[in-house]
$ cat upload-v5.cif   # mmCIF, C-alpha atoms
data_my_file
#
loop_
_atom_site.group_PDB
_atom_site.id
_atom_site.type_symbol
_atom_site.label_atom_id
_atom_site.label_comp_id
_atom_site.auth_asym_id
_atom_site.auth_seq_id
_atom_site.Cartn_x
_atom_site.Cartn_y
_atom_site.Cartn_z
ATOM 1 C CA MET P 1 -87.220 61.209 18.011
ATOM 2 C CA ILE P 2 -88.373 58.286 15.898
ATOM 3 C CA GLY P 3 -91.157 60.404 14.441
ATOM 4 C CA ARG P 4 -88.688 63.168 13.541
ATOM 5 C CA TRP P 5 -86.379 60.597 11.840
ATOM 6 C CA ARG P 6 -89.277 59.215 9.798
ATOM 7 C CA GLY P 7 -90.275 62.720 8.763
ATOM 8 C CA ASN P 8 -86.789 63.490 7.525
ATOM 9 C CA ARG P 9 -86.670 60.229 5.567
ATOM 10 C CA THR P 10 -89.979 61.116 3.854
ATOM 11 C CA THR P 11 -88.650 64.533 2.928
ATOM 12 C CA ARG P 12 -85.529 63.012 1.389
ATOM 13 C CA THR P 13 -87.649 60.630 -0.702
ATOM 14 C CA GLN P 14 -89.800 63.462 -2.047
ATOM 15 C CA ARG P 15 -86.792 65.531 -3.005
ATOM 16 C CA THR P 16 -85.237 62.723 -5.043
ATOM 17 C CA GLY P 17 -88.438 61.748 -6.892
ATOM 18 C CA PRO P 18 -88.773 62.338 -10.667
ATOM 19 C CA LEU P 19 -90.756 65.547 -10.180
ATOM 20 C CA ALA P 20 -88.896 66.872 -7.138
ATOM 21 C CA ALA P 21 -87.141 69.626 -9.092
ATOM 22 C CA ILE P 22 -90.129 70.543 -11.277
ATOM 23 C CA ARG P 23 -92.982 72.692 -10.010
ATOM 24 C CA THR P 24 -96.196 71.454 -11.577
ATOM 25 C CA PRO P 25 -99.456 73.399 -11.368
ATOM 26 C CA PRO P 26 -102.582 71.576 -10.141
ATOM 27 C CA SER P 27 -104.006 69.142 -12.731
ATOM 28 C CA ALA P 28 -100.694 69.056 -14.646
ATOM 29 C CA GLY P 29 -98.005 66.491 -15.338
ATOM 30 C CA VAL P 30 -94.667 66.244 -17.068
ATOM 31 C CA LEU P 31 -93.820 64.783 -20.478
ATOM 32 C CA SER P 32 -90.226 63.905 -21.340
ATOM 33 C CA CYS P 33 -88.162 62.206 -23.997
ATOM 34 C CA ARG P 34 -84.559 61.747 -25.130
ATOM 35 C CA VAL P 35 -83.836 61.850 -28.867
ATOM 36 C CA LEU P 36 -81.017 59.719 -30.294
ATOM 37 C CA ASP P 37 -79.584 59.007 -33.736
ATOM 38 C CA PRO P 38 -79.087 55.451 -35.088
ATOM 39 C CA VAL P 39 -75.715 55.119 -33.312
ATOM 40 C CA ASN P 40 -77.210 56.241 -29.973
ATOM 41 C CA GLU P 41 -75.734 59.732 -30.016
ATOM 42 C CA PRO P 42 -78.016 62.585 -28.829
ATOM 43 C CA VAL P 43 -79.692 64.706 -31.521
ATOM 44 C CA THR P 44 -79.140 68.165 -30.091
ATOM 45 C CA HIS P 45 -80.952 70.091 -32.836
ATOM 46 C CA ALA P 46 -84.229 68.152 -32.791
ATOM 47 C CA GLU P 47 -87.521 70.025 -32.531
ATOM 48 C CA PHE P 48 -90.616 68.726 -30.794
ATOM 49 C CA ALA P 49 -94.278 69.697 -30.883
ATOM 50 C CA VAL P 50 -96.983 68.495 -28.515
ATOM 51 C CA SER P 51 -100.623 68.619 -29.685
ATOM 52 C CA ASP P 52 -103.800 67.800 -27.798
ATOM 53 C CA ALA P 53 -106.503 65.311 -28.829
ATOM 54 C CA MET P 54 -108.103 68.004 -31.048
ATOM 55 C CA GLY P 55 -104.865 68.540 -32.962
ATOM 56 C CA ARG P 56 -104.163 71.941 -31.372
ATOM 57 C CA LYS P 57 -100.514 72.708 -30.600
ATOM 58 C CA VAL P 58 -99.949 72.943 -26.855
ATOM 59 C CA VAL P 59 -96.196 73.457 -26.635
ATOM 60 C CA SER P 60 -93.125 73.223 -28.856
ATOM 61 C CA GLY P 61 -89.388 73.664 -28.518
ATOM 62 C CA GLY P 62 -85.994 72.061 -29.039
ATOM 63 C CA THR P 63 -83.878 69.424 -27.347
ATOM 64 C CA ASP P 64 -81.037 70.314 -24.974
ATOM 65 C CA PRO P 65 -77.328 69.465 -25.554
ATOM 66 C CA PHE P 66 -78.055 65.918 -24.380
ATOM 67 C CA GLY P 67 -80.928 65.398 -26.819
ATOM 68 C CA SER P 68 -83.557 65.630 -24.088
ATOM 69 C CA PHE P 69 -86.615 67.730 -23.412
ATOM 70 C CA VAL P 70 -88.965 68.039 -20.447
ATOM 71 C CA THR P 71 -92.229 69.972 -20.603
ATOM 72 C CA THR P 72 -95.183 70.540 -18.284
ATOM 73 C CA VAL P 73 -98.688 70.104 -19.736
ATOM 74 C CA PRO P 74 -102.228 69.760 -18.367
ATOM 75 C CA ALA P 75 -103.201 66.161 -17.667
ATOM 76 C CA GLY P 76 -104.619 64.509 -20.788
ATOM 77 C CA GLU P 77 -103.876 62.663 -24.020
ATOM 78 C CA TYR P 78 -101.293 64.072 -26.406
ATOM 79 C CA ARG P 79 -99.600 63.514 -29.730
ATOM 80 C CA LEU P 80 -95.875 64.150 -29.850
ATOM 81 C CA SER P 81 -93.910 64.785 -33.032
ATOM 82 C CA VAL P 82 -90.113 64.987 -33.143
ATOM 83 C CA SER P 83 -88.213 66.173 -36.208
ATOM 84 C CA ALA P 84 -84.637 67.047 -37.142
ATOM 85 C CA GLU P 85 -82.846 67.971 -40.337
ATOM 86 C CA GLY P 86 -81.824 64.812 -42.217
ATOM 87 C CA TYR P 87 -84.032 62.448 -40.200
ATOM 88 C CA THR P 88 -87.467 60.896 -40.677
ATOM 89 C CA PRO P 89 -89.998 62.504 -38.266
ATOM 90 C CA TYR P 90 -91.111 60.491 -35.247
ATOM 91 C CA ILE P 91 -94.710 60.541 -34.026
ATOM 92 C CA ALA P 92 -96.070 58.986 -30.817
ATOM 93 C CA SER P 93 -98.996 59.246 -28.407
ATOM 94 C CA ALA P 94 -98.739 59.780 -24.676
ATOM 95 C CA VAL P 95 -101.084 60.021 -21.691
ATOM 96 C CA VAL P 96 -100.036 62.486 -18.991
ATOM 97 C CA SER P 97 -101.552 62.108 -15.512
ATOM 98 C CA GLU P 98 -101.724 64.682 -12.732
ATOM 99 C CA ASN P 99 -98.493 65.176 -10.777
ATOM 100 C CA SER P 100 -96.731 62.375 -12.650
ATOM 101 C CA LEU P 101 -93.997 61.902 -15.197
ATOM 102 C CA ALA P 102 -94.883 60.443 -18.608
ATOM 103 C CA SER P 103 -91.561 59.494 -20.170
ATOM 104 C CA LEU P 104 -91.223 58.115 -23.672
ATOM 105 C CA GLY P 105 -87.675 57.104 -22.854
ATOM 106 C CA ASP P 106 -85.180 57.008 -25.711
ATOM 107 C CA VAL P 107 -86.538 57.761 -29.182
ATOM 108 C CA THR P 108 -84.304 56.835 -32.123
ATOM 109 C CA LEU P 109 -84.642 58.893 -35.296
ATOM 110 C CA GLN P 110 -83.876 57.158 -38.587
ATOM 111 C CA VAL P 111 -81.812 58.881 -41.257
ATOM 112 C CA ALA P 112 -84.102 60.193 -44.009
ATOM 113 C CA ARG P 113 -83.421 59.464 -47.646
ATOM 114 C CA PRO P 114 -82.458 62.784 -49.289
ATOM 115 C CA PRO P 115 -84.666 63.982 -52.171
ATOM 116 C CA GLU P 116 -83.506 63.191 -55.691
ATOM 117 C CA LEU P 117 -81.377 65.940 -57.210
ATOM 118 C CA PRO P 118 -82.218 67.436 -60.622
ATOM 119 C CA ARG P 119 -80.447 65.815 -63.568
ATOM 120 C CA ALA P 120 -77.329 67.450 -64.965
ATOM 121 C CA GLY P 121 -77.962 69.977 -67.710
ATOM 122 C CA ASP P 122 -79.326 73.454 -68.376
ATOM 123 C CA TRP P 123 -82.358 74.626 -66.406
ATOM 124 C CA GLU P 124 -84.108 77.993 -66.123
ATOM 125 C CA VAL P 125 -86.014 79.789 -63.394
ATOM 126 C CA GLU P 126 -89.767 79.632 -63.990
ATOM 127 C CA PRO P 127 -90.960 83.147 -62.946
ATOM 128 C CA MET P 128 -94.676 82.304 -62.747
ATOM 129 C CA HIS P 129 -94.050 79.962 -59.813
ATOM 130 C CA SER P 130 -91.051 81.731 -58.272
ATOM 131 C CA SER P 131 -90.723 84.834 -56.119
ATOM 132 C CA ILE P 132 -88.023 87.208 -54.893
ATOM 133 C CA ALA P 133 -89.330 88.935 -51.777
ATOM 134 C CA PHE P 134 -87.778 91.167 -49.138
ATOM 135 C CA THR P 135 -88.578 92.555 -45.706
ATOM 136 C CA ALA P 136 -87.328 95.828 -44.194
ATOM 137 C CA ARG P 137 -87.786 97.399 -40.771
ATOM 138 C CA HIS P 138 -89.748 100.649 -40.553
ATOM 139 C CA ILE P 139 -89.302 103.095 -37.625
ATOM 140 C CA GLY P 140 -87.806 100.261 -35.579
ATOM 141 C CA LEU P 141 -91.192 98.592 -35.142
ATOM 142 C CA ALA P 142 -93.138 97.512 -38.200
ATOM 143 C CA ARG P 143 -92.003 95.421 -41.143
ATOM 144 C CA ILE P 144 -92.484 96.451 -44.754
ATOM 145 C CA HIS P 145 -92.786 93.638 -47.291
ATOM 146 C CA GLY P 146 -91.998 93.898 -50.974
ATOM 147 C CA ARG P 147 -90.918 91.933 -54.022
ATOM 148 C CA PHE P 148 -89.416 92.194 -57.483
ATOM 149 C CA ASN P 149 -91.934 91.309 -60.165
ATOM 150 C CA THR P 150 -89.593 90.833 -63.128
ATOM 151 C CA PHE P 151 -86.534 88.575 -63.170
ATOM 152 C CA ALA P 152 -84.923 85.762 -65.132
ATOM 153 C CA GLY P 153 -82.434 83.103 -64.227
ATOM 154 C CA ALA P 154 -80.443 80.206 -65.646
ATOM 155 C CA VAL P 155 -79.005 77.256 -63.722
ATOM 156 C CA ARG P 156 -76.461 74.774 -65.017
ATOM 157 C CA ILE P 157 -76.769 71.611 -62.928
ATOM 158 C CA ALA P 158 -73.529 69.633 -62.779
ATOM 159 C CA ASP P 159 -72.575 66.167 -61.617
ATOM 160 C CA PRO P 160 -71.571 66.431 -58.849
ATOM 161 C CA MET P 161 -74.069 69.082 -57.754
ATOM 162 C CA GLU P 162 -71.339 71.090 -56.000
ATOM 163 C CA ARG P 163 -69.984 72.179 -59.386
ATOM 164 C CA SER P 164 -73.269 73.739 -60.508
ATOM 165 C CA ALA P 165 -73.643 77.419 -61.445
ATOM 166 C CA MET P 166 -76.456 79.949 -61.650
ATOM 167 C CA HIS P 167 -77.038 83.470 -62.958
ATOM 168 C CA VAL P 168 -80.070 85.594 -62.030
ATOM 169 C CA VAL P 169 -80.920 89.053 -63.399
ATOM 170 C CA ILE P 170 -83.546 91.215 -61.655
ATOM 171 C CA ASP P 171 -85.244 94.290 -63.113
ATOM 172 C CA ALA P 172 -84.665 96.924 -60.430
ATOM 173 C CA ALA P 173 -87.621 99.038 -61.588
ATOM 174 C CA SER P 174 -89.995 96.127 -60.933
ATOM 175 C CA ILE P 175 -89.736 96.676 -57.159
ATOM 176 C CA ASP P 176 -93.208 96.527 -55.622
ATOM 177 C CA THR P 177 -94.253 97.225 -52.027
ATOM 178 C CA ASN P 178 -97.903 97.829 -52.958
ATOM 179 C CA VAL P 179 -97.552 101.591 -52.309
ATOM 180 C CA ALA P 180 -96.886 103.592 -55.507
ATOM 181 C CA MET P 181 -95.342 106.655 -53.813
ATOM 182 C CA ARG P 182 -92.962 104.507 -51.753
ATOM 183 C CA ASP P 183 -92.005 102.442 -54.814
ATOM 184 C CA GLU P 184 -91.095 105.599 -56.731
ATOM 185 C CA HIS P 185 -88.864 106.663 -53.849
ATOM 186 C CA LEU P 186 -87.186 103.233 -53.832
ATOM 187 C CA ARG P 187 -86.476 103.579 -57.569
ATOM 188 C CA SER P 188 -84.929 107.027 -57.082
ATOM 189 C CA ALA P 189 -81.279 107.946 -56.498
ATOM 190 C CA ASP P 190 -81.904 107.723 -52.742
ATOM 191 C CA PHE P 191 -82.133 103.929 -52.999
ATOM 192 C CA LEU P 192 -81.799 101.698 -56.100
ATOM 193 C CA ASP P 193 -81.189 104.532 -58.584
ATOM 194 C CA VAL P 194 -82.684 102.464 -61.409
ATOM 195 C CA ALA P 195 -81.805 105.106 -64.034
ATOM 196 C CA ARG P 196 -78.092 104.374 -63.478
ATOM 197 C CA PHE P 197 -78.351 100.740 -62.283
ATOM 198 C CA PRO P 198 -81.308 99.111 -64.063
ATOM 199 C CA THR P 199 -80.570 95.552 -62.876
ATOM 200 C CA LEU P 200 -79.477 93.530 -59.886
ATOM 201 C CA GLU P 201 -77.426 90.439 -60.754
ATOM 202 C CA PHE P 202 -76.394 87.348 -58.819
ATOM 203 C CA TYR P 203 -73.868 84.821 -60.082
ATOM 204 C CA SER P 204 -72.699 81.701 -58.250
ATOM 205 C CA ASP P 205 -70.565 78.705 -59.120
ATOM 206 C CA ARG P 206 -70.166 77.436 -55.563
ATOM 207 C CA PHE P 207 -72.808 75.084 -54.154
ATOM 208 C CA VAL P 208 -71.920 73.661 -50.721
ATOM 209 C CA HIS P 209 -73.869 70.747 -49.238
ATOM 210 C CA LYS P 210 -74.485 71.370 -45.528
ATOM 211 C CA GLY P 211 -76.230 68.053 -44.871
ATOM 212 C CA GLY P 212 -79.701 66.689 -45.526
ATOM 213 C CA THR P 213 -81.630 69.111 -47.723
ATOM 214 C CA ARG P 214 -79.531 72.139 -46.708
ATOM 215 C CA TRP P 215 -77.211 73.884 -49.151
ATOM 216 C CA ALA P 216 -75.223 77.098 -49.167
ATOM 217 C CA VAL P 217 -75.143 78.874 -52.509
ATOM 218 C CA ILE P 218 -72.254 81.337 -52.423
ATOM 219 C CA GLY P 219 -71.923 83.976 -55.104
ATOM 220 C CA ALA P 220 -71.499 87.609 -56.116
ATOM 221 C CA LEU P 221 -74.429 90.027 -55.897
ATOM 222 C CA THR P 222 -74.206 93.279 -57.858
ATOM 223 C CA LEU P 223 -76.606 95.901 -56.500
ATOM 224 C CA HIS P 224 -76.451 99.681 -56.949
ATOM 225 C CA GLY P 225 -73.214 99.252 -58.894
ATOM 226 C CA VAL P 226 -71.473 97.467 -56.006
ATOM 227 C CA THR P 227 -70.533 93.769 -55.967
ATOM 228 C CA ARG P 228 -70.348 91.812 -52.723
ATOM 229 C CA THR P 229 -70.146 88.129 -51.781
ATOM 230 C CA VAL P 230 -73.507 86.802 -50.584
ATOM 231 C CA THR P 231 -74.472 83.391 -49.190
ATOM 232 C CA LEU P 232 -77.949 82.013 -49.787
ATOM 233 C CA ASP P 233 -79.008 79.638 -46.989
ATOM 234 C CA SER P 234 -80.995 77.195 -49.115
ATOM 235 C CA GLU P 235 -83.344 74.262 -48.588
ATOM 236 C CA TYR P 236 -83.769 71.893 -51.522
ATOM 237 C CA LEU P 237 -87.393 70.698 -51.734
ATOM 238 C CA GLY P 238 -87.025 67.983 -54.380
ATOM 239 C CA LEU P 239 -88.493 67.146 -57.782
ATOM 240 C CA GLY P 240 -92.108 67.234 -58.951
ATOM 241 C CA ASN P 241 -94.251 67.399 -62.058
ATOM 242 C CA GLY P 242 -96.267 70.382 -63.284
ATOM 243 C CA MET P 243 -99.692 70.542 -64.931
ATOM 244 C CA GLU P 244 -98.230 69.537 -68.302
ATOM 245 C CA GLY P 245 -96.223 66.711 -66.799
ATOM 246 C CA GLU P 246 -92.978 68.708 -66.987
ATOM 247 C CA VAL P 247 -90.279 68.023 -64.434
ATOM 248 C CA ARG P 248 -89.674 70.772 -61.881
ATOM 249 C CA ALA P 249 -87.209 71.247 -59.052
ATOM 250 C CA ALA P 250 -87.859 73.621 -56.168
ATOM 251 C CA CYS P 251 -85.955 75.277 -53.348
ATOM 252 C CA ARG P 252 -86.283 77.993 -50.709
ATOM 253 C CA ALA P 253 -83.483 80.344 -49.737
ATOM 254 C CA THR P 254 -82.860 83.289 -47.435
ATOM 255 C CA THR P 255 -80.113 85.842 -46.909
ATOM 256 C CA GLU P 256 -79.625 89.181 -45.167
ATOM 257 C CA LEU P 257 -78.200 92.230 -46.924
ATOM 258 C CA HIS P 258 -76.750 95.289 -45.200
ATOM 259 C CA ARG P 259 -77.634 98.456 -47.114
ATOM 260 C CA ASP P 260 -74.338 100.200 -46.375
ATOM 261 C CA ASP P 261 -72.444 97.324 -48.028
ATOM 262 C CA PHE P 262 -74.029 98.375 -51.326
ATOM 263 C CA THR P 263 -73.927 102.153 -50.640
ATOM 264 C CA VAL P 264 -77.727 102.267 -50.400
ATOM 265 C CA SER P 265 -77.324 104.482 -47.368
ATOM 266 C CA TRP P 266 -80.188 106.971 -47.518
ATOM 267 C CA GLN P 267 -81.581 107.577 -44.060
ATOM 268 C CA THR P 268 -83.659 110.008 -42.099
ATOM 269 C CA MET P 269 -84.309 110.023 -38.387
ATOM 270 C CA LEU P 270 -87.422 110.606 -36.354
ATOM 271 C CA ALA P 271 -87.405 113.161 -33.541
ATOM 272 C CA ARG P 272 -86.738 110.363 -31.040
ATOM 273 C CA GLY P 273 -83.544 109.374 -32.877
ATOM 274 C CA ILE P 274 -85.081 106.297 -34.481
ATOM 275 C CA ALA P 275 -84.140 105.454 -38.068
ATOM 276 C CA VAL P 276 -87.034 105.402 -40.542
ATOM 277 C CA VAL P 277 -85.506 102.503 -42.506
ATOM 278 C CA GLY P 278 -83.599 99.653 -40.886
ATOM 279 C CA PRO P 279 -79.951 98.989 -41.809
ATOM 280 C CA SER P 280 -80.525 95.445 -43.103
ATOM 281 C CA ILE P 281 -82.894 93.768 -45.538
ATOM 282 C CA ARG P 282 -84.031 90.154 -45.321
ATOM 283 C CA VAL P 283 -84.440 88.434 -48.690
ATOM 284 C CA ASP P 284 -86.640 85.349 -49.148
ATOM 285 C CA LEU P 285 -86.567 83.321 -52.348
ATOM 286 C CA ASP P 286 -88.989 80.647 -53.518
ATOM 287 C CA VAL P 287 -87.674 79.202 -56.748
ATOM 288 C CA GLN P 288 -88.852 76.600 -59.243
ATOM 289 C CA ILE P 289 -86.639 75.610 -62.160
ATOM 290 C CA VAL P 290 -87.527 73.662 -65.296
ATOM 291 C CA PRO P 291 -85.290 72.092 -67.960
ATOM 292 C CA LYS P 292 -84.327 74.697 -70.554
ATOM 293 C CA GLY P 293 -86.150 74.353 -73.859
#
$ encode --input "upload-v5.cif" --output "structure tokens"
Amino acid sequence: MIGRWRGNRTTRTQRTGPLAAIRTPPSAGVLSCRVLDPVNEPVTHAEFAVSDAMGRKVVSGGTDPFGSFVTTVPAGEYRLSVSAEGYTPYIASAVVSENSLASLGDVTLQVARPPELPRAGDWEVEPMHSSIAFTARHIGLARIHGRFNTFAGAVRIADPMERSAMHVVIDAASIDTNVAMRDEHLRSADFLDVARFPTLEFYSDRFVHKGGTRWAVIGALTLHGVTRTVTLDSEYLGLGNGMEGEVRAACRATTELHRDDFTVSWQTMLARGIAVVGPSIRVDLDVQIVPKG
């Protein structure tokens, strides 16, 4: 009777231990952490990456709604990095032992200083160090990558930045997917119809700060003779200096276009009922601007 009571007490202790609910393989342990902001609120959108002693990434992921993460790794020494939009990255080292919990406890991220914005005035897109690329689905499996080789753009930076405006003109015939026959088809009336619509144009006078380095640039895109509202999800990368010492500002942006919205609706189906070309196009922009003149 006494032996049975002791056995039950041991079982209860094991079930309430730190690893009771986590199955760990042999020679593995658990690494955990809770990520907080400077006022001790959880950072729910933080990302973490765990690398081994050789610098190789072992595991990565994001924090839960309480700002926490728990991950199982082989026993050993690790480097942990935690990052989140608008905060300075956090880096720490940890040693994980077999069948044990290595907890870094509460980690507080400090608010990062946002990059300096470009000065107010007229700027222009510098095509040599900018790109307008796109990605389309092919037969529901592969991805086809392309770009426009010829474009020009002007940006009027205001103070405050939210009142800025931009205008970009793209030469439709400069589409390039590195396959001449496909490019000719894309220029035809089935797609861009460059004979009737020689340019694509984007105009925006609405810049919305979403926090940190994130901005939404909302404007009107005219493509194939149709104008629709488009939002560019943008990341401002800051200021720098070029080879001649000139000031440059840079950003990245993405958006997704639906072909039917612009009446670019050509389609053909394979025998299995699969569309040759996907219904949406992902657009990726890498842009550098320089002061005009």
$ residues_around --input "upload-v5.cif" --residues "P:Val287" --least-positions-apart "3" --cutoff "8 Å" --atoms "all atoms listed in the file" --output "PyMOL selection string"
chain P and resi 125-126+129-131+250-252
$ write_last_selection --input "upload-v5.cif" --atoms "C-alpha atoms" --output "mmCIF file, in the coordinates of the input"
data_model
loop_
_atom_site.group_PDB
_atom_site.id
_atom_site.type_symbol
_atom_site.label_atom_id
_atom_site.label_comp_id
_atom_site.auth_asym_id
_atom_site.auth_seq_id
_atom_site.Cartn_x
_atom_site.Cartn_y
_atom_site.Cartn_z
ATOM 1 C CA VAL P 125 -86.014 79.789 -63.394
ATOM 2 C CA GLU P 126 -89.767 79.632 -63.990
ATOM 3 C CA HIS P 129 -94.050 79.962 -59.813
ATOM 4 C CA SER P 130 -91.051 81.731 -58.272
ATOM 5 C CA SER P 131 -90.723 84.834 -56.119
ATOM 6 C CA ALA P 250 -87.859 73.621 -56.168
ATOM 7 C CA CYS P 251 -85.955 75.277 -53.348
ATOM 8 C CA ARG P 252 -86.283 77.993 -50.709
#
$ closest_residue --input "upload-v5.cif" --among "P:Thr135, P:Ala195, P:Gly67, P:Tyr78" --to "P:Asn40" --atoms "only C-alpha atoms"
P:Gly67
$ closest_residue --input "upload-v5.cif" --among "P:Gly86, P:Pro42, P:Gly76, P:Gly225" --to "P:Thr263" --atoms "only C-alpha atoms"
P:Gly225
$ residues_around --input "upload-v5.cif" --residues "P:Leu192" --least-positions-apart "4" --cutoff "9 Å" --atoms "only C-alpha atoms" --output "list in words"
Ala172, Ala173, His185, Leu186, Arg187, Ser188, Arg196, Phe197, Pro198, Leu223, His224 and Val264 of chain P
$ residues_around --input "upload-v5.cif" --residues "P:Thr63" --least-positions-apart "5" --cutoff "10 Å" --atoms "only C-alpha atoms" --output "list in words"
Cys33, Arg34, Val35, Pro42, Val43, Thr44, His45, Ala46, Glu47, Phe48, Ser68, Phe69, Val70 and Val82 of chain P
$ write_last_selection --input "upload-v5.cif" --atoms "C-alpha atoms" --output "PDB file, keeping the file's coordinate frame"
ATOM      1  CA  CYS P  33     -88.162  62.206 -23.997  1.00  0.00           C
ATOM      2  CA  ARG P  34     -84.559  61.747 -25.130  1.00  0.00           C
ATOM      3  CA  VAL P  35     -83.836  61.850 -28.867  1.00  0.00           C
ATOM      4  CA  PRO P  42     -78.016  62.585 -28.829  1.00  0.00           C
ATOM      5  CA  VAL P  43     -79.692  64.706 -31.521  1.00  0.00           C
ATOM      6  CA  THR P  44     -79.140  68.165 -30.091  1.00  0.00           C
ATOM      7  CA  HIS P  45     -80.952  70.091 -32.836  1.00  0.00           C
ATOM      8  CA  ALA P  46     -84.229  68.152 -32.791  1.00  0.00           C
ATOM      9  CA  GLU P  47     -87.521  70.025 -32.531  1.00  0.00           C
ATOM     10  CA  PHE P  48     -90.616  68.726 -30.794  1.00  0.00           C
ATOM     11  CA  SER P  68     -83.557  65.630 -24.088  1.00  0.00           C
ATOM     12  CA  PHE P  69     -86.615  67.730 -23.412  1.00  0.00           C
ATOM     13  CA  VAL P  70     -88.965  68.039 -20.447  1.00  0.00           C
ATOM     14  CA  VAL P  82     -90.113  64.987 -33.143  1.00  0.00           C
TER      15      VAL P  82
END
$ resolve_selection --input "upload-v5.cif" --expression "the PyMOL selection byres ((chain P and resi 219) around 8)" --output "number ranges by chain"
P: 202-206, 217-218, 220-221, 229-231
$ write_last_selection --input "upload-v5.cif" --atoms "C-alpha atoms" --output "PDB file, keeping the file's coordinate frame"
ATOM      1  CA  PHE P 202     -76.394  87.348 -58.819  1.00  0.00           C
ATOM      2  CA  TYR P 203     -73.868  84.821 -60.082  1.00  0.00           C
ATOM      3  CA  SER P 204     -72.699  81.701 -58.250  1.00  0.00           C
ATOM      4  CA  ASP P 205     -70.565  78.705 -59.120  1.00  0.00           C
ATOM      5  CA  ARG P 206     -70.166  77.436 -55.563  1.00  0.00           C
ATOM      6  CA  VAL P 217     -75.143  78.874 -52.509  1.00  0.00           C
ATOM      7  CA  ILE P 218     -72.254  81.337 -52.423  1.00  0.00           C
ATOM      8  CA  ALA P 220     -71.499  87.609 -56.116  1.00  0.00           C
ATOM      9  CA  LEU P 221     -74.429  90.027 -55.897  1.00  0.00           C
ATOM     10  CA  THR P 229     -70.146  88.129 -51.781  1.00  0.00           C
ATOM     11  CA  VAL P 230     -73.507  86.802 -50.584  1.00  0.00           C
ATOM     12  CA  THR P 231     -74.472  83.391 -49.190  1.00  0.00           C
TER      13      THR P 231
END
$ resolve_selection --input "upload-v5.cif" --expression "the PyMOL selection byres ((chain P and resi 27) around 6)" --output "list in words"
Pro26, Ala28, Pro74, Ala75 and Glu98 of chain P
$ closest_residue --input "upload-v5.cif" --among "P:Ala102, P:Thr199, P:Asp183, P:Asp37" --to "P:Phe66" --atoms "all atoms listed in the file"
P:Asp37
$ atom_distance --input "upload-v5.cif" --atom1 "atom CA of P:Ala120" --atom2 "atom CA of P:Thr227"
28.6 Å
$ closest_residue --input "upload-v5.cif" --among "P:Ala154, P:Ile170, P:Ala216, P:Ala84" --to "P:Val111" --atoms "only C-alpha atoms"
P:Ala84
$ closest_residue --input "upload-v5.cif" --among "P:Glu201, P:Asp193, P:Glu246, P:Glu235" --to "P:Met166" --atoms "all atoms listed in the file"
P:Glu201
$ closest_residue --input "upload-v5.cif" --among "P:Gln288, P:Ser234, P:Thr177, P:Ser51" --to "P:Ile91" --atoms "only C-alpha atoms"
P:Ser51
$ residues_around --input "upload-v5.cif" --residues "stretch 237-240 of chain P" --least-positions-apart "2" --cutoff "12 Å" --atoms "all atoms listed in the file" --output "PyMOL selection string"
chain P and resi 113-119+212-215+234-235+242-253+286-291
$ resolve_selection --input "upload-v5.cif" --expression "the PyMOL selection byres ((chain P and resi 57) around 12)" --output "VMD selection string"
chain P and resid 48 to 56 58 to 61 73 78 to 81
$ atom_distance --input "upload-v5.cif" --atom1 "atom CA of P:Phe151" --atom2 "atom CA of P:Pro127"
7.0 Å
$ atom_distance --input "upload-v5.cif" --atom1 "atom CA of P:Tyr87" --atom2 "atom CA of P:Gln110"
5.5 Å
$ residues_around --input "upload-v5.cif" --residues "P:Phe134" --least-positions-apart "5" --cutoff "8 Å" --atoms "all atoms listed in the file" --output "list in words"
His145, Gly146, Arg147, Ile281, Arg282, Val283 and Asp284 of chain P
